[in-house]
>>> print(open('query-v5.cif').read())   # mmCIF, C-alpha atoms and all ligand atoms
data_query
#
loop_
_atom_site.label_atom_id
_atom_site.label_comp_id
_atom_site.auth_asym_id
_atom_site.auth_seq_id
_atom_site.Cartn_x
_atom_site.Cartn_y
_atom_site.Cartn_z
CA MET A 28 -8.04 -13.84 -27.75
CA TYR A 29 -9.29 -11.06 -25.47
CA GLU A 30 -6.83 -10.84 -22.62
CA ALA A 31 -4.76 -8.27 -20.71
CA THR A 32 -2.02 -8.50 -18.11
CA ALA A 33 -1.12 -5.64 -15.77
CA THR A 34 1.06 -5.08 -12.73
CA ALA A 35 0.39 -2.71 -9.84
CA PRO A 36 2.57 -1.43 -7.00
CA VAL A 37 2.40 -1.47 -3.21
CA ASN A 38 1.86 1.89 -1.48
CA ILE A 39 2.71 2.88 2.09
CA ALA A 40 0.77 5.75 3.63
CA CYS A 41 2.40 8.75 5.35
CA ILE A 42 -1.02 10.08 6.36
CA LYS A 43 -3.00 7.00 7.35
CA TYR A 44 -6.49 5.98 6.29
CA TRP A 45 -8.15 4.60 9.41
CA GLY A 46 -11.94 4.65 9.64
CA LYS A 47 -14.90 4.44 7.29
CA ARG A 48 -17.95 6.67 7.17
CA ASP A 49 -19.60 4.14 4.82
CA THR A 50 -18.48 0.52 5.16
CA LYS A 51 -20.27 -0.75 2.04
CA LEU A 52 -18.94 1.88 -0.38
CA ILE A 53 -15.64 2.13 1.54
CA LEU A 54 -15.77 5.88 2.11
CA PRO A 55 -13.11 7.04 4.58
CA THR A 56 -13.41 9.31 7.61
CA ASN A 57 -10.31 11.20 6.42
CA SER A 58 -8.15 11.83 3.37
CA SER A 59 -4.82 9.99 3.23
CA LEU A 60 -1.52 10.24 1.35
CA SER A 61 1.00 7.61 0.34
CA VAL A 62 4.22 6.91 -1.49
CA THR A 63 4.04 4.30 -4.25
CA LEU A 64 6.90 1.79 -4.00
CA ASP A 65 8.94 0.50 -6.92
CA GLN A 66 7.40 -2.45 -8.77
CA ASP A 67 10.88 -3.70 -9.63
CA HIS A 68 10.86 -4.99 -6.03
CA LEU A 69 7.22 -5.43 -4.97
CA ARG A 70 4.27 -5.93 -7.28
CA SER A 71 1.06 -7.80 -8.01
CA THR A 72 0.48 -9.11 -11.54
CA THR A 73 -2.97 -9.93 -12.88
CA THR A 74 -4.16 -11.46 -16.15
CA SER A 75 -7.83 -11.14 -17.13
CA ARG A 76 -9.40 -12.95 -20.06
CA ALA A 77 -12.96 -12.82 -21.43
CA ASP A 78 -14.09 -15.71 -23.64
CA GLU A 79 -17.50 -16.61 -24.99
CA SER A 80 -16.68 -20.31 -24.78
CA PHE A 81 -15.88 -20.35 -21.04
CA ALA A 82 -18.39 -22.13 -18.78
CA ALA A 83 -20.77 -19.58 -17.22
CA GLY A 84 -19.58 -17.64 -14.18
CA ASP A 85 -16.35 -15.73 -13.48
CA ARG A 86 -13.42 -17.47 -11.80
CA LEU A 87 -10.36 -16.03 -10.06
CA TRP A 88 -7.12 -17.52 -8.72
CA LEU A 89 -4.84 -15.76 -6.25
CA ASN A 90 -1.29 -17.17 -6.10
CA GLY A 91 -2.66 -20.34 -7.72
CA LYS A 92 -5.51 -20.84 -5.24
CA GLU A 93 -9.08 -20.30 -6.40
CA GLU A 94 -11.08 -17.62 -4.55
CA THR A 95 -14.85 -17.39 -4.63
CA ILE A 96 -16.24 -14.24 -6.18
CA LYS A 97 -19.31 -13.40 -4.12
CA GLU A 98 -21.96 -11.18 -5.60
CA GLY A 99 -21.92 -7.97 -3.59
CA GLY A 100 -18.54 -8.98 -2.13
CA ARG A 101 -15.48 -6.77 -2.68
CA LEU A 102 -14.17 -8.59 -5.77
CA GLY A 103 -17.68 -8.97 -7.16
CA VAL A 104 -18.38 -5.26 -6.82
CA CYS A 105 -15.16 -4.30 -8.63
CA ILE A 106 -15.81 -6.69 -11.53
CA LYS A 107 -19.44 -5.59 -11.79
CA GLY A 108 -18.50 -1.90 -11.89
CA LEU A 109 -15.93 -2.36 -14.67
CA ARG A 110 -18.28 -4.59 -16.64
CA ALA A 111 -20.96 -1.89 -16.50
CA TRP A 112 -18.47 0.62 -17.94
CA ARG A 113 -17.59 -1.87 -20.70
CA LYS A 114 -21.28 -2.22 -21.50
CA GLN A 115 -21.50 1.54 -22.04
CA VAL A 116 -18.54 1.35 -24.44
CA GLU A 117 -20.31 -1.44 -26.37
CA GLU A 118 -23.56 0.50 -26.50
CA ASN A 119 -21.74 3.43 -28.07
CA ASP A 120 -20.10 1.24 -30.72
CA SER A 121 -22.07 -1.81 -31.82
CA SER A 122 -19.14 -3.15 -33.87
CA LEU A 123 -17.24 -4.07 -30.69
CA PRO A 124 -17.25 -7.63 -29.30
CA LYS A 125 -19.65 -8.02 -26.37
CA LEU A 126 -16.96 -8.74 -23.81
CA SER A 127 -19.24 -7.50 -21.05
CA GLU A 128 -21.44 -10.56 -21.57
CA TRP A 129 -18.67 -13.16 -21.55
CA PRO A 130 -17.35 -15.06 -18.51
CA LEU A 131 -13.99 -13.99 -17.10
CA ARG A 132 -10.95 -15.96 -15.97
CA ILE A 133 -8.56 -13.99 -13.78
CA ALA A 134 -5.22 -15.04 -12.27
CA SER A 135 -3.28 -12.86 -9.87
CA TYR A 136 0.16 -13.32 -8.37
CA ASN A 137 2.19 -11.37 -5.79
CA ASN A 138 5.98 -11.46 -6.12
CA PHE A 139 6.38 -11.06 -2.36
CA PRO A 140 5.52 -13.74 0.21
CA THR A 141 2.26 -13.17 2.12
CA ALA A 142 4.26 -14.40 5.11
CA ALA A 143 6.36 -11.22 4.91
CA GLY A 144 3.35 -9.52 6.45
CA LEU A 145 3.14 -6.89 3.74
CA ALA A 146 -0.31 -5.77 2.72
CA SER A 147 -1.08 -7.38 -0.62
CA SER A 148 -4.69 -6.26 -0.96
CA ALA A 149 -3.81 -2.78 -2.25
CA SER A 150 -1.52 -3.91 -5.07
CA GLY A 151 -3.70 -6.94 -5.80
CA LEU A 152 -6.95 -5.03 -6.22
CA ALA A 153 -5.19 -2.28 -8.21
CA ALA A 154 -3.70 -4.88 -10.58
CA LEU A 155 -7.14 -6.46 -11.02
CA VAL A 156 -8.70 -3.09 -11.89
CA ALA A 157 -5.82 -2.14 -14.21
CA SER A 158 -5.94 -5.43 -16.11
CA LEU A 159 -9.74 -5.40 -16.55
CA ALA A 160 -9.69 -1.73 -17.60
CA ARG A 161 -7.15 -2.67 -20.25
CA LEU A 162 -9.05 -5.77 -21.38
CA TYR A 163 -12.27 -3.76 -21.66
CA GLN A 164 -10.48 -0.80 -23.32
CA LEU A 165 -12.14 1.58 -20.87
CA PRO A 166 -11.86 5.33 -21.48
CA GLN A 167 -11.93 6.15 -17.74
CA THR A 168 -9.01 8.01 -16.14
CA PRO A 169 -6.91 6.45 -13.35
CA SER A 170 -8.79 8.66 -10.84
CA GLN A 171 -12.12 7.30 -12.09
CA LEU A 172 -10.77 3.75 -11.95
CA SER A 173 -9.63 4.43 -8.38
CA ILE A 174 -13.30 4.76 -7.39
CA ILE A 175 -13.75 1.11 -8.33
CA ALA A 176 -10.48 -0.03 -6.72
CA ARG A 177 -11.50 1.78 -3.52
CA GLN A 178 -14.51 -0.51 -3.22
CA GLY A 179 -12.20 -3.53 -3.32
CA SER A 180 -9.98 -2.21 -0.51
CA GLY A 181 -9.66 1.43 0.51
CA SER A 182 -5.89 1.68 0.24
CA ALA A 183 -5.98 0.02 -3.23
CA CYS A 184 -7.23 3.24 -4.81
CA ARG A 185 -3.84 4.86 -4.16
CA SER A 186 -1.99 2.06 -6.03
CA LEU A 187 -3.42 3.27 -9.37
CA PHE A 188 -0.81 6.04 -9.42
CA GLY A 189 2.93 6.21 -9.10
CA GLY A 190 4.84 8.78 -7.07
CA PHE A 191 3.10 10.62 -4.24
CA VAL A 192 -0.64 10.01 -4.09
CA ALA A 193 -3.58 11.50 -2.19
CA TRP A 194 -6.91 9.78 -1.59
CA ARG A 195 -9.43 12.60 -1.22
CA GLU A 196 -12.18 11.62 1.21
CA GLY A 197 -14.84 13.48 -0.84
CA SER A 198 -18.30 14.51 0.35
CA ASP A 199 -20.74 12.77 -2.03
CA ALA A 200 -22.76 10.08 -0.22
CA ALA A 201 -22.48 7.87 -3.32
CA GLY A 202 -18.68 8.16 -3.30
CA SER A 203 -18.24 9.77 -6.73
CA ASP A 204 -15.58 12.18 -5.39
CA SER A 205 -13.77 9.81 -3.03
CA LEU A 206 -10.84 9.08 -5.30
CA ALA A 207 -7.08 9.03 -5.71
CA GLU A 208 -5.03 11.79 -7.33
CA GLU A 209 -1.36 12.26 -8.06
CA VAL A 210 0.30 14.83 -5.80
CA ALA A 211 3.66 14.52 -7.58
CA PRO A 212 5.10 11.95 -9.99
CA ARG A 213 8.03 9.76 -9.04
CA GLU A 214 10.34 11.85 -11.27
CA HIS A 215 9.68 14.85 -9.01
CA TRP A 216 11.56 13.28 -6.09
CA PRO A 217 13.25 10.06 -7.24
CA GLU A 218 15.76 10.27 -4.36
CA MET A 219 13.00 9.12 -1.99
CA HIS A 220 14.00 5.64 -0.79
CA ALA A 221 12.22 3.23 1.55
CA LEU A 222 13.60 0.48 3.76
CA ILE A 223 11.06 -2.12 4.81
CA CYS A 224 12.04 -3.89 8.03
CA VAL A 225 10.16 -7.19 8.18
CA VAL A 226 9.64 -7.75 11.90
CA SER A 227 8.93 -11.28 12.98
CA ASP A 228 5.56 -11.74 14.59
CA ALA A 229 3.98 -15.13 15.12
CA LYS A 230 0.51 -14.10 16.21
CA LYS A 231 -2.09 -13.02 13.73
CA GLY A 232 -3.28 -9.50 14.43
CA THR A 233 -6.56 -7.65 13.98
CA SER A 234 -7.38 -7.01 10.31
CA SER A 235 -7.49 -3.39 9.12
CA THR A 236 -11.13 -3.73 8.15
CA SER A 237 -12.39 -4.85 11.56
CA GLY A 238 -9.85 -2.82 13.54
CA MET A 239 -10.76 0.51 11.97
CA GLN A 240 -14.46 -0.19 12.41
CA ARG A 241 -13.94 -0.80 16.11
CA THR A 242 -11.98 2.47 16.32
CA VAL A 243 -14.84 4.40 14.68
CA GLU A 244 -17.30 2.88 17.15
CA THR A 245 -15.32 3.29 20.37
CA SER A 246 -12.46 5.81 20.16
CA THR A 247 -13.03 9.39 21.32
CA LEU A 248 -9.44 10.25 20.36
CA LEU A 249 -10.33 9.56 16.69
CA GLN A 250 -12.39 12.80 16.67
CA GLU A 251 -9.27 14.75 17.60
CA ARG A 252 -7.30 12.96 14.89
CA LEU A 253 -9.94 13.84 12.29
CA ARG A 254 -9.66 17.50 13.29
CA ILE A 255 -5.87 17.43 12.78
CA VAL A 256 -5.49 15.41 9.57
CA PRO A 257 -6.68 18.03 7.00
CA GLY A 258 -3.89 20.40 8.10
CA ARG A 259 -1.38 17.56 7.84
CA MET A 260 -2.56 16.72 4.31
CA ASP A 261 -1.87 20.30 3.22
CA ALA A 262 1.47 20.48 5.03
CA ILE A 263 2.82 17.18 3.67
CA SER A 264 1.68 18.02 0.12
CA LYS A 265 3.63 21.26 0.38
CA ALA A 266 6.66 19.42 1.81
CA ILE A 267 6.55 17.08 -1.22
CA GLN A 268 6.23 19.99 -3.67
CA ASP A 269 9.17 21.75 -1.98
CA LYS A 270 11.17 18.50 -1.59
CA ASP A 271 11.48 19.42 2.08
CA PHE A 272 12.45 16.08 3.62
CA GLU A 273 12.52 17.25 7.23
CA SER A 274 8.89 18.44 7.12
CA PHE A 275 7.84 15.33 5.18
CA ALA A 276 9.49 13.13 7.80
CA LYS A 277 8.10 14.97 10.85
CA ILE A 278 4.55 14.70 9.54
CA THR A 279 4.98 11.05 8.53
CA MET A 280 6.23 10.02 11.98
CA VAL A 281 3.69 12.02 13.94
CA ASP A 282 0.83 10.65 11.84
CA SER A 283 1.98 7.04 12.28
CA ASN A 284 2.10 7.63 16.03
CA SER A 285 -1.33 9.28 15.94
CA PHE A 286 -2.77 6.27 14.11
CA HIS A 287 -1.31 3.82 16.65
CA SER A 288 -2.62 6.03 19.46
CA VAL A 289 -6.19 5.79 18.22
CA CYS A 290 -5.66 2.02 18.00
CA LEU A 291 -4.72 2.01 21.69
CA ASP A 292 -7.73 4.24 22.41
CA THR A 293 -10.01 1.63 20.80
CA SER A 294 -11.99 -0.68 23.05
CA PRO A 295 -10.78 -3.37 23.40
CA PRO A 296 -7.39 -1.84 22.50
CA ILE A 297 -5.51 -2.83 19.35
CA PHE A 298 -1.72 -3.23 19.47
CA TYR A 299 0.06 -3.40 16.15
CA LEU A 300 3.53 -2.34 17.32
CA ASN A 301 5.61 -4.87 19.23
CA ASP A 302 8.83 -4.33 21.22
CA VAL A 303 10.99 -4.58 18.11
CA SER A 304 8.84 -1.97 16.34
CA LYS A 305 9.13 0.37 19.32
CA SER A 306 12.88 -0.15 19.42
CA ILE A 307 13.12 0.80 15.72
CA ILE A 308 11.26 4.02 16.59
CA ALA A 309 13.78 4.75 19.36
CA VAL A 310 16.76 4.10 17.07
CA ILE A 311 15.45 6.33 14.26
CA GLU A 312 14.58 9.13 16.70
CA GLU A 313 18.09 8.93 18.16
CA LEU A 314 19.68 8.73 14.70
CA ASN A 315 17.86 11.95 13.78
CA ARG A 316 18.82 13.68 17.03
CA SER A 317 22.50 12.70 16.86
CA SER A 318 22.69 13.63 13.16
CA GLY A 319 21.58 17.17 14.00
CA LYS A 320 18.78 16.95 11.43
CA ILE A 321 15.95 14.65 10.44
CA ILE A 322 17.28 12.17 7.91
CA ALA A 323 14.82 9.29 8.33
CA ALA A 324 11.10 8.76 8.98
CA TYR A 325 9.46 5.60 10.30
CA THR A 326 5.88 4.59 9.66
CA PHE A 327 3.90 1.46 10.61
CA ASP A 328 0.66 0.05 9.17
CA ALA A 329 -1.60 -2.52 10.80
CA GLY A 330 1.30 -4.74 11.88
CA PRO A 331 4.80 -4.64 13.43
CA ASN A 332 6.81 -4.06 10.20
CA ALA A 333 8.55 -0.71 9.91
CA VAL A 334 8.90 1.26 6.71
CA ILE A 335 11.67 3.84 6.92
CA TYR A 336 11.70 6.66 4.38
CA ALA A 337 15.04 8.39 3.75
CA LEU A 338 16.70 10.16 0.86
CA GLU A 339 19.14 8.04 -1.12
CA GLU A 340 22.15 10.00 0.20
CA ASN A 341 21.20 9.14 3.79
CA MET A 342 20.36 5.46 3.29
CA PRO A 343 23.91 4.33 4.22
CA LYS A 344 23.41 5.98 7.64
CA VAL A 345 19.99 4.37 8.13
CA LEU A 346 21.27 0.95 7.05
CA GLY A 347 24.24 1.33 9.38
CA ALA A 348 21.93 1.94 12.34
CA ILE A 349 19.43 -0.80 11.50
CA ASN A 350 22.11 -3.40 10.73
CA LYS A 351 23.93 -2.58 13.95
CA PHE A 352 20.98 -3.06 16.29
CA PHE A 353 18.78 -5.48 14.33
CA PRO A 354 21.03 -8.04 12.62
CA THR A 355 19.00 -10.09 10.16
CA ALA A 356 19.38 -13.86 9.98
CA GLU A 357 20.61 -13.69 6.40
CA GLU A 358 23.21 -11.31 5.00
CA SER A 359 21.46 -8.87 2.73
CA GLU A 360 22.57 -8.49 -0.86
CA ASP A 361 21.71 -4.82 -0.89
CA PRO A 362 24.53 -2.94 -2.70
CA PHE A 363 24.06 -0.16 -0.11
CA ARG A 364 25.26 -2.63 2.55
CA THR A 365 28.83 -1.92 1.50
CA THR A 366 28.33 1.81 2.00
CA ALA A 367 26.64 1.46 5.40
CA GLU A 368 28.09 4.05 7.78
CA ASP A 369 29.01 4.12 11.43
CA LEU A 370 26.67 5.79 13.90
CA PRO A 371 27.12 9.52 14.62
CA ALA A 372 29.60 10.15 17.46
CA SER A 373 26.94 11.38 19.88
CA PHE A 374 24.52 8.47 19.32
CA ASP A 375 23.24 7.34 22.72
CA TYR A 376 23.38 3.53 22.83
CA LYS A 377 21.12 3.49 25.88
CA VAL A 378 18.05 3.90 23.63
CA VAL A 379 18.37 0.20 22.74
CA ARG A 380 17.91 -2.49 25.39
CA GLU A 381 21.08 -3.90 26.89
CA GLY A 382 22.70 -6.65 24.88
CA GLY A 383 20.80 -5.53 21.78
CA TRP A 384 18.38 -7.62 19.76
CA GLU A 385 18.95 -11.25 18.86
CA LYS A 386 19.62 -12.14 15.24
CA GLY A 387 16.38 -12.31 13.29
CA ALA A 388 14.32 -9.92 15.46
CA VAL A 389 14.15 -8.12 12.13
CA LYS A 390 13.80 -11.01 9.69
CA SER A 391 14.75 -9.26 6.50
CA LEU A 392 15.17 -5.88 4.88
CA ILE A 393 13.72 -4.77 1.57
CA HIS A 394 15.39 -1.66 0.23
CA THR A 395 13.26 0.06 -2.39
CA ARG A 396 12.27 3.52 -3.59
CA VAL A 397 9.42 5.58 -4.94
CA GLY A 398 8.02 3.96 -8.09
CA ASP A 399 5.60 4.28 -10.98
CA GLY A 400 1.94 3.34 -11.37
CA PRO A 401 0.38 0.24 -12.99
CA ARG A 402 2.07 -1.15 -16.09
CA THR A 403 0.61 -3.29 -18.86
CA LEU A 404 2.54 -6.34 -19.95
CA GLY A 405 2.55 -8.39 -23.15
CA LYS A 406 1.08 -11.80 -24.05
CA GLU A 407 4.29 -13.55 -23.04
CA ASP A 408 3.67 -12.53 -19.43
CA SER A 409 0.17 -14.06 -19.27
CA LEU A 410 -0.63 -15.96 -16.07
CA LEU A 411 -3.34 -18.03 -17.80
CA LYS A 412 -3.03 -21.23 -19.81
CA GLU A 413 -4.82 -21.72 -23.12
CA SER A 414 -7.66 -23.39 -21.17
CA GLY A 415 -8.19 -20.30 -18.99
CA GLU A 416 -6.72 -21.95 -15.90
CA PRO A 417 -3.71 -20.47 -14.08
CA LYS A 418 -0.24 -21.52 -15.28
C1 LIG B 1 -3.19 1.03 8.21
O1 LIG B 1 -7.22 -0.54 2.85
O2 LIG B 1 -6.54 -2.60 4.14
O3 LIG B 1 -2.67 0.42 5.97
O4 LIG B 1 -10.52 -0.58 3.15
O5 LIG B 1 -11.02 -2.25 4.90
O6 LIG B 1 -9.70 -2.93 2.89
P1 LIG B 1 -10.05 -1.81 3.86
O7 LIG B 1 -8.71 -1.45 4.64
P2 LIG B 1 -7.23 -1.28 4.12
O8 LIG B 1 -6.64 -0.36 5.29
C2 LIG B 1 -5.33 0.14 5.26
C3 LIG B 1 -4.99 0.76 6.57
C4 LIG B 1 -3.56 1.21 6.76
C5 LIG B 1 -3.40 2.69 6.42
C6 LIG B 1 -3.31 3.09 4.98
O9 LIG B 1 -2.88 2.32 4.12
O10 LIG B 1 -3.67 4.26 4.70
#
>>> encode(input="query-v5.cif", output="structure tokens")
Amino acid sequence: MYEATATAPVNIACIKYWGKRDTKLILPTNSSLSVTLDQDHLRSTTTSRADESFAAGDRLWLNGKEETIKEGGRLGVCIKGLRAWRKQVEENDSSLPKLSEWPLRIASYNNFPTAAGLASSASGLAALVASLARLYQLPQTPSQLSIIARQGSGSACRSLFGGFVAWREGSDAAGSDSLAEEVAPREHWPEMHALICVVSDAKKGTSSTSGMQRTVETSTLLQERLRIVPGRMDAISKAIQDKDFESFAKITMVDSNSFHSVCLDTSPPIFYLNDVSKSIIAVIEELNRSSGKIIAAYTFDAGPNAVIYALEENMPKVLGAINKFFPTAEESEDPFRTTAEDLPASFDYKVVREGGWEKGAVKSLIHTRVGDGPRTLGKEDSLLKESGEPK
């Protein structure tokens, strides 16, 4: 049986990707940089199988539900690109089975609920690319594979690496140099932790894809952002190399705020932050001020959830502050809960609205850390039945 199963991680950007210069090839208007989160907590798993006896046409299931693979669509483009690379491998060695000609069955599963509002496209597309690359025994490097993943969803290219990852915007019109690269492996700075605050939000927001396109078309502030970002990329890479948390945090927060500013400068404006998100910003800013140094950094993607980066040693302080002002509906089982600390003596309570937030304003917390890149699993972890349908 020709089959491979792989997992891929979620990544959260410190320097945000927001804007495409080519919407078809998914080429960005600026380079971006992210931290890969630990797959022990959040991951997508994908099994790909090629079989001569399958009925013609590829089929794919996401969390048990079949998705259509459109030719020229994002999934279709990724599968086609990897198949073409497999064909080259077969042409160089005629003894190999012609997997490139056989229909595929693919099942993918996220271990985190879509309702949590966490982006699943990055880990999902990266797991798809990793599993097919394994199935096809491709010789390409993770950076080369990231060129394919990028065409599935821009941010997915960064999920092909662990640790601290840059997506270089590149200059080639065909996109051959718009790829992901490792800035530092997880082992370089394993003390980097992340606390995801899942903020409840009933209404469905603007998707990243359409939102960023509207920004490119209407925001004048975006031009200023594009002038600033290259300097930030250099500065944050240096902060990571030097393990300089304060610089890392300053840049992360200012870039998140810059991204949400260009969203507001878009016409019609896009609001991803809600009042709870803004209150988390105020609490973290005040925690940093009253601690006498920057110990935590917030960042927000295209939604109200906060991701707070902090070093392991400071997580008890961050958890103390978040638990105090944003009590979750359910008690968390985080072992750090027991070490949560009181607020610094000079913390100004006035930064949070009077009476505080009701229980559940922050639905849940996910405490995780910097993690590794895609992993391959064994046969026993297959998501496909004998028949090629999802289990
Ligand atoms: C705010 O990668 O989801 O999370 O390329 O259109 O699929 P498409 O967009 P997507 O955008 C992610 C935007 C972001 C910032 C980031 O991850 O860098």
>>> residues_near_ligand(input="query-v5.cif", ligand="ligand LIG 1 (chain B)", cutoff="8 Å", atoms="all atoms listed in the file", output="PDB file with C-alpha atoms, in the frame of the given file")
ATOM      1  CA  ASN A  38       1.860   1.890  -1.480  1.00  0.00           C
ATOM      2  CA  ILE A  39       2.710   2.880   2.090  1.00  0.00           C
ATOM      3  CA  ALA A  40       0.770   5.750   3.630  1.00  0.00           C
ATOM      4  CA  CYS A  41       2.400   8.750   5.350  1.00  0.00           C
ATOM      5  CA  ILE A  42      -1.020  10.080   6.360  1.00  0.00           C
ATOM      6  CA  LYS A  43      -3.000   7.000   7.350  1.00  0.00           C
ATOM      7  CA  TYR A  44      -6.490   5.980   6.290  1.00  0.00           C
ATOM      8  CA  TRP A  45      -8.150   4.600   9.410  1.00  0.00           C
ATOM      9  CA  LYS A  47     -14.900   4.440   7.290  1.00  0.00           C
ATOM     10  CA  THR A  50     -18.480   0.520   5.160  1.00  0.00           C
ATOM     11  CA  ILE A  53     -15.640   2.130   1.540  1.00  0.00           C
ATOM     12  CA  SER A  59      -4.820   9.990   3.230  1.00  0.00           C
ATOM     13  CA  LEU A  60      -1.520  10.240   1.350  1.00  0.00           C
ATOM     14  CA  SER A  61       1.000   7.610   0.340  1.00  0.00           C
ATOM     15  CA  ALA A 146      -0.310  -5.770   2.720  1.00  0.00           C
ATOM     16  CA  SER A 148      -4.690  -6.260  -0.960  1.00  0.00           C
ATOM     17  CA  ALA A 149      -3.810  -2.780  -2.250  1.00  0.00           C
ATOM     18  CA  ARG A 177     -11.500   1.780  -3.520  1.00  0.00           C
ATOM     19  CA  GLN A 178     -14.510  -0.510  -3.220  1.00  0.00           C
ATOM     20  CA  GLY A 179     -12.200  -3.530  -3.320  1.00  0.00           C
ATOM     21  CA  SER A 180      -9.980  -2.210  -0.510  1.00  0.00           C
ATOM     22  CA  GLY A 181      -9.660   1.430   0.510  1.00  0.00           C
ATOM     23  CA  SER A 182      -5.890   1.680   0.240  1.00  0.00           C
ATOM     24  CA  ALA A 183      -5.980   0.020  -3.230  1.00  0.00           C
ATOM     25  CA  SER A 234      -7.380  -7.010  10.310  1.00  0.00           C
ATOM     26  CA  SER A 235      -7.490  -3.390   9.120  1.00  0.00           C
ATOM     27  CA  THR A 236     -11.130  -3.730   8.150  1.00  0.00           C
ATOM     28  CA  SER A 237     -12.390  -4.850  11.560  1.00  0.00           C
ATOM     29  CA  MET A 239     -10.760   0.510  11.970  1.00  0.00           C
ATOM     30  CA  PHE A 286      -2.770   6.270  14.110  1.00  0.00           C
ATOM     31  CA  PHE A 327       3.900   1.460  10.610  1.00  0.00           C
ATOM     32  CA  ASP A 328       0.660   0.050   9.170  1.00  0.00           C
ATOM     33  CA  ALA A 329      -1.600  -2.520  10.800  1.00  0.00           C
TER      34      ALA A 329
END
>>> residues_near_point(input="query-v5.cif", point="(-4.7, 6.2, 19.7)", cutoff="12 Å", atoms="only C-alpha atoms", output="number ranges by chain")
A: 45, 239, 242-243, 245-253, 281-299
>>> atom_distance(input="query-v5.cif", atom1="CA of Val37 in chain A", atom2="CA of Ser150 in chain A")
5.0 Å
>>> closest_residue(input="query-v5.cif", among="A:Pro55, A:Pro212, A:Pro354, A:Pro36", to="Ala153 in chain A", atoms="all atoms listed in the file")
A:Pro36
>>> closest_residue(input="query-v5.cif", among="A:Ala372, A:Ile223, A:Ala82, A:Met260", to="Leu346 in chain A", atoms="all atoms listed in the file")
A:Ile223
>>> closest_residue(input="query-v5.cif", among="A:Ser318, A:Thr95, A:Gln164, A:Gln171", to="Gln115 in chain A", atoms="all atoms listed in the file")
A:Gln164
>>> residues_around(input="query-v5.cif", residues="Val192 in chain A", least_positions_apart="4", cutoff="8 Å", atoms="all atoms listed in the file", output="PyMOL selection string")
chain A and resi 60-63+185+188+207-211
>>> residues_around(input="query-v5.cif", residues="Asp78 in chain A", least_positions_apart="4", cutoff="8 Å", atoms="all atoms listed in the file", output="PDB file with C-alpha atoms, in the coordinates of the input")
ATOM      1  CA  MET A  28      -8.040 -13.840 -27.750  1.00  0.00           C
ATOM      2  CA  TYR A  29      -9.290 -11.060 -25.470  1.00  0.00           C
ATOM      3  CA  LEU A 126     -16.960  -8.740 -23.810  1.00  0.00           C
ATOM      4  CA  TRP A 129     -18.670 -13.160 -21.550  1.00  0.00           C
ATOM      5  CA  PRO A 130     -17.350 -15.060 -18.510  1.00  0.00           C
ATOM      6  CA  LEU A 131     -13.990 -13.990 -17.100  1.00  0.00           C
TER       7      LEU A 131
END
>>> atom_distance(input="query-v5.cif", atom1="CA of Ser58 in chain A", atom2="CA of Trp194 in chain A")
5.5 Å
>>> residues_around(input="query-v5.cif", residues="Ala323 in chain A", least_positions_apart="6", cutoff="7 Å", atoms="all atoms listed in the file", output="PDB file with C-alpha atoms, in the coordinates of the input")
ATOM      1  CA  ALA A 276       9.490  13.130   7.800  1.00  0.00           C
ATOM      2  CA  ILE A 311      15.450   6.330  14.260  1.00  0.00           C
ATOM      3  CA  ASN A 315      17.860  11.950  13.780  1.00  0.00           C
ATOM      4  CA  ILE A 335      11.670   3.840   6.920  1.00  0.00           C
ATOM      5  CA  TYR A 336      11.700   6.660   4.380  1.00  0.00           C
ATOM      6  CA  ALA A 337      15.040   8.390   3.750  1.00  0.00           C
TER       7      ALA A 337
END
>>> residues_near_point(input="query-v5.cif", point="(13.9, -4.0, -3.1)", cutoff="8 Å", atoms="only C-alpha atoms", output="list in words")
Asp65, Asp67, His68, Leu69, Ile393, His394, Thr395 and Arg396 of chain A
>>> closest_residue(input="query-v5.cif", among="A:Thr56, A:Asn341, A:Asn301, A:Ser373", to="Val226 in chain A", atoms="all atoms listed in the file")
A:Asn301
>>> closest_residue(input="query-v5.cif", among="A:Gly405, A:Pro217, A:Gly232, A:Gly383", to="Pro331 in chain A", atoms="only C-alpha atoms")
A:Gly232
>>> closest_residue(input="query-v5.cif", among="A:Val389, A:Val379, A:Ile307, A:Leu54", to="Arg195 in chain A", atoms="all atoms listed in the file")
A:Leu54
>>> residues_around(input="query-v5.cif", residues="Ser274 in chain A", least_positions_apart="4", cutoff="10 Å", atoms="all atoms listed in the file", output="list in words")
Ala262, Ile263, Lys265, Ala266, Ile267, Asp269, Lys270, Ile278, Thr279 and Ile321 of chain A
>>> atom_distance(input="query-v5.cif", atom1="CA of Asn350 in chain A", atom2="CA of Gly319 in chain A")
20.8 Å
>>> decode(input="query-v5.cif", residues="range 291-295 of chain A", atoms="N, CA and C atoms", output="compact mmCIF listing (two decimals), in the first residue's frame")
# COMPACT_ATOMS: atom_id res chain seq x y z
N LEU A 291 -8.17 49.09 9.88
CA LEU A 291 -9.08 50.21 10.13
C LEU A 291 -9.00 51.23 9.00
N ASP A 292 -7.85 51.32 8.36
CA ASP A 292 -7.63 52.26 7.26
C ASP A 292 -8.18 51.73 5.94
N THR A 293 -8.74 50.53 5.97
CA THR A 293 -9.32 49.90 4.78
C THR A 293 -10.74 50.43 4.60
N SER A 294 -11.18 50.50 3.36
CA SER A 294 -12.52 51.01 3.11
C SER A 294 -13.39 49.97 2.40
N PRO A 295 -14.55 49.58 2.98
CA PRO A 295 -14.99 49.89 4.34
C PRO A 295 -14.05 49.26 5.38
